[in-house]
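Heads up: the structure comes next, in structure tokens.
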Amino acid sequence: MPPKTRNTSDSVDDSAVTLSDIAVMLKEAKEHRTRIEFDLGKSLNLCHEKIDDCVKASEAQSKKIQECLDIIAGLKVENNILQKKVKELEDKLDEAEQYSRRSTVEIFGIPQEKDEILEDVVSRLGAALDMNIDESMIDACHRLGKRQGVESPPGIVLRFVSRRSKQLLLKKRREKRNLTTASMGLSVSNPIYINDSLTIRRRKLLIAAREEKKKKKYAFVWVQDGRILMRRESTGPIIPINCLEDIVKK
């Protein structure tokens with residue numbers, strides 16, 4: 001009896017993959033890939049749109065920043081111009097104020113007396129300097145305000161009618177080295193100082209110039225007709241001091 005033949009279909013496992021199954025799987029894989037590519041392309045397009053938006057926003061910000069920088073540059077130029085004009089006005093105002101003091105001196109060291117008549121005090125000062133000072137020569141004369149915490153007597157502001165009288169008084173003061181209140185017949189002997197009347201700005205400048213002179217051992221710092229002058233060496237050139245830069249520049 002011939003052997004029985006095995007049925008081929010019986011030998012195939014129920015889980016075996018057929019060509020049809022492979023075709024379906026490939027189709028599904030292709031569709032899945034297509035969906036992935038579509039989603040990826042959509043995401044890339046969205047990214048490109050976001051990047052474009054960012055680029056546009058960045059360009060807009062750059063434009064705004066440049067506009068701000070241009071405004072700042074313009075304001076700097078305008079500010080420099082205004083500062084220059086302010087300085088010119090301050091210089092003119094200081095010059096005008098100093099010119100108004102051209103006949104004025106400030107006197108320090110003379111004690112204040114009760115019910116004093118300053119014209120008489122100034123006349124005695126003139127006598128001590130061999131200079132006749134009468135009331136007709138005086139335009140105004142008054143004491144400065146008492147400074148808090150300062151024991152020395154307040155100074156005297158003396159404005160002459162003529163600038164020549166002021167210059168003569170300063171000349172007489174330079175000639176008499178040891179001028180004290182005793183020279184005026186007072187019982188005390190305090191040194192008397194007579195100076196050009198300076199604006200607040202020039203007074204600060206004079207203080208700074210004297211500090212620099214002391215610090216760097218310059219030869220001379222002095223005031224002449226309201227102008228502050230300096231000599232770094234005894235035989236050196238005269239340097240007019242109009243601002244702080246004139247003091248410290250080499």
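Here, A, B, ... name the chains of the structure tokens in the order displayed, residue numbers run from 1 inside each chain, and ligands are numbered from 1 in the same displayed order.
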**Message:** What parts of range 33-206 of chain A does DSSP call strand (DSSP E)? I'd like the answer as a PyMOL selection string.
**Reply:** chain A and resi 104-108+138-143+156-160+193-196
Output of the above residues as an mmCIF file, in the first residue's frame, restricted to N, CA and C atoms:
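Final output, saved to selection34.cif:
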```
data_model
loop_
_atom_site.group_PDB
_atom_site.id
_atom_site.type_symbol
_atom_site.label_atom_id
_atom_site.label_comp_id
_atom_site.auth_asym_id
_atom_site.auth_seq_id
_atom_site.Cartn_x
_atom_site.Cartn_y
_atom_site.Cartn_z
ATOM 1 N N THR A 104 35.792 147.342 43.150
ATOM 2 C CA THR A 104 35.460 146.843 44.483
ATOM 3 C C THR A 104 36.596 146.007 45.066
ATOM 4 N N VAL A 105 36.818 146.184 46.372
ATOM 5 C CA VAL A 105 37.773 145.343 47.102
ATOM 6 C C VAL A 105 37.068 144.752 48.314
ATOM 7 N N GLU A 106 37.653 143.693 48.853
ATOM 8 C CA GLU A 106 37.166 143.082 50.079
ATOM 9 C C GLU A 106 38.279 143.148 51.118
ATOM 10 N N ILE A 107 37.934 143.641 52.296
ATOM 11 C CA ILE A 107 38.928 143.879 53.360
ATOM 12 C C ILE A 107 38.614 142.938 54.526
ATOM 13 N N PHE A 108 39.628 142.205 54.985
ATOM 14 C CA PHE A 108 39.444 141.247 56.068
ATOM 15 C C PHE A 108 40.435 141.535 57.205
ATOM 16 N N ILE A 138 33.950 157.063 47.822
ATOM 17 C CA ILE A 138 33.305 155.781 48.142
ATOM 18 C C ILE A 138 31.901 155.731 47.536
ATOM 19 N N ASP A 139 31.667 154.686 46.770
ATOM 20 C CA ASP A 139 30.337 154.477 46.185
ATOM 21 C C ASP A 139 29.454 153.670 47.135
ATOM 22 N N ALA A 140 30.025 152.632 47.762
ATOM 23 C CA ALA A 140 29.280 151.804 48.711
ATOM 24 C C ALA A 140 30.258 151.127 49.658
ATOM 25 N N CYS A 141 29.783 150.866 50.875
ATOM 26 C CA CYS A 141 30.659 150.228 51.859
ATOM 27 C C CYS A 141 29.776 149.506 52.877
ATOM 28 N N HIS A 142 30.017 148.211 53.066
ATOM 29 C CA HIS A 142 29.216 147.458 54.036
ATOM 30 C C HIS A 142 29.966 146.205 54.478
ATOM 31 N N ARG A 143 29.514 145.668 55.596
ATOM 32 C CA ARG A 143 30.091 144.439 56.117
ATOM 33 C C ARG A 143 29.466 143.238 55.398
ATOM 34 N N ILE A 156 34.790 143.496 54.980
ATOM 35 C CA ILE A 156 34.189 144.754 54.531
ATOM 36 C C ILE A 156 34.273 144.812 53.007
ATOM 37 N N VAL A 157 33.140 145.092 52.377
ATOM 38 C CA VAL A 157 33.109 145.300 50.931
ATOM 39 C C VAL A 157 33.163 146.803 50.680
ATOM 40 N N LEU A 158 34.170 147.212 49.942
ATOM 41 C CA LEU A 158 34.363 148.638 49.646
ATOM 42 C C LEU A 158 34.370 148.840 48.130
ATOM 43 N N ARG A 159 33.389 149.606 47.651
ATOM 44 C CA ARG A 159 33.339 149.911 46.218
ATOM 45 C C ARG A 159 33.620 151.395 46.024
ATOM 46 N N PHE A 160 34.652 151.662 45.254
ATOM 47 C CA PHE A 160 35.038 153.040 44.967
ATOM 48 C C PHE A 160 34.232 153.593 43.790
ATOM 49 N N TYR A 193 43.959 142.083 55.341
ATOM 50 C CA TYR A 193 44.070 141.624 53.952
ATOM 51 C C TYR A 193 43.114 142.429 53.081
ATOM 52 N N ILE A 194 43.629 142.877 51.939
ATOM 53 C CA ILE A 194 42.804 143.610 50.978
ATOM 54 C C ILE A 194 42.913 142.883 49.632
ATOM 55 N N ASN A 195 41.770 142.418 49.140
ATOM 56 C CA ASN A 195 41.770 141.609 47.915
ATOM 57 C C ASN A 195 40.788 142.158 46.883
ATOM 58 N N ASP A 196 41.067 141.802 45.639
ATOM 59 C CA ASP A 196 40.084 142.036 44.578
ATOM 60 C C ASP A 196 38.798 141.317 44.934
#
```
**Item:** Residues flagged helix (DSSP H, G or I) by DSSP in range 48-205 of chain A, as number ranges by chain
**Value:** A: 48-100, 118-128, 135-137, 163-175, 181-184, 200-205
**Prompt:** Using only C-alpha atoms, which residue out of A:Ala16, A:Ala209, A:Val188, A:Ala219 lies closest to Lys249 in chain A?
**Reply:**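 For Lys249 in chain A, the nearest of the given residues is A:Ala209.
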**Asked** Nearest to Ser187 in chain A among A:Ile239, A:Ile81, A:Ile207, A:Ile110, with distances taken over only C-alpha atoms: which residue is it?
**Response** A:Ile110
**Item:** Selection: 12 Å around Arg231 in chain A, only C-alpha atoms, excl. self and same-chain fewer than 5 positions, as an MDAnalysis selection string
**Value:** chainID A and resid 209:210 212:213 216:223 236:241 246:247
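Across the structure, CA of Pro154 in chain A and CA of Asp115 in chain A are spaced 14.9 Å apart.
Interatomic distance, CA of Gln224 in chain A to CA of Gly145 in chain A: 25.1 Å.
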**Message:** Measuring between only C-alpha atoms, which one of A:Ile200, A:Ala208, A:Cys54, A:Ala23 shows the shortest distance to Val248 in chain A?
**Reply:** A:Ala208
**Request:** Would you work out the distance separating CA of Lys56 in chain A from CA of Ala73 in chain A, expressed in Å to one decimal?
**Result:** 25.3 Å
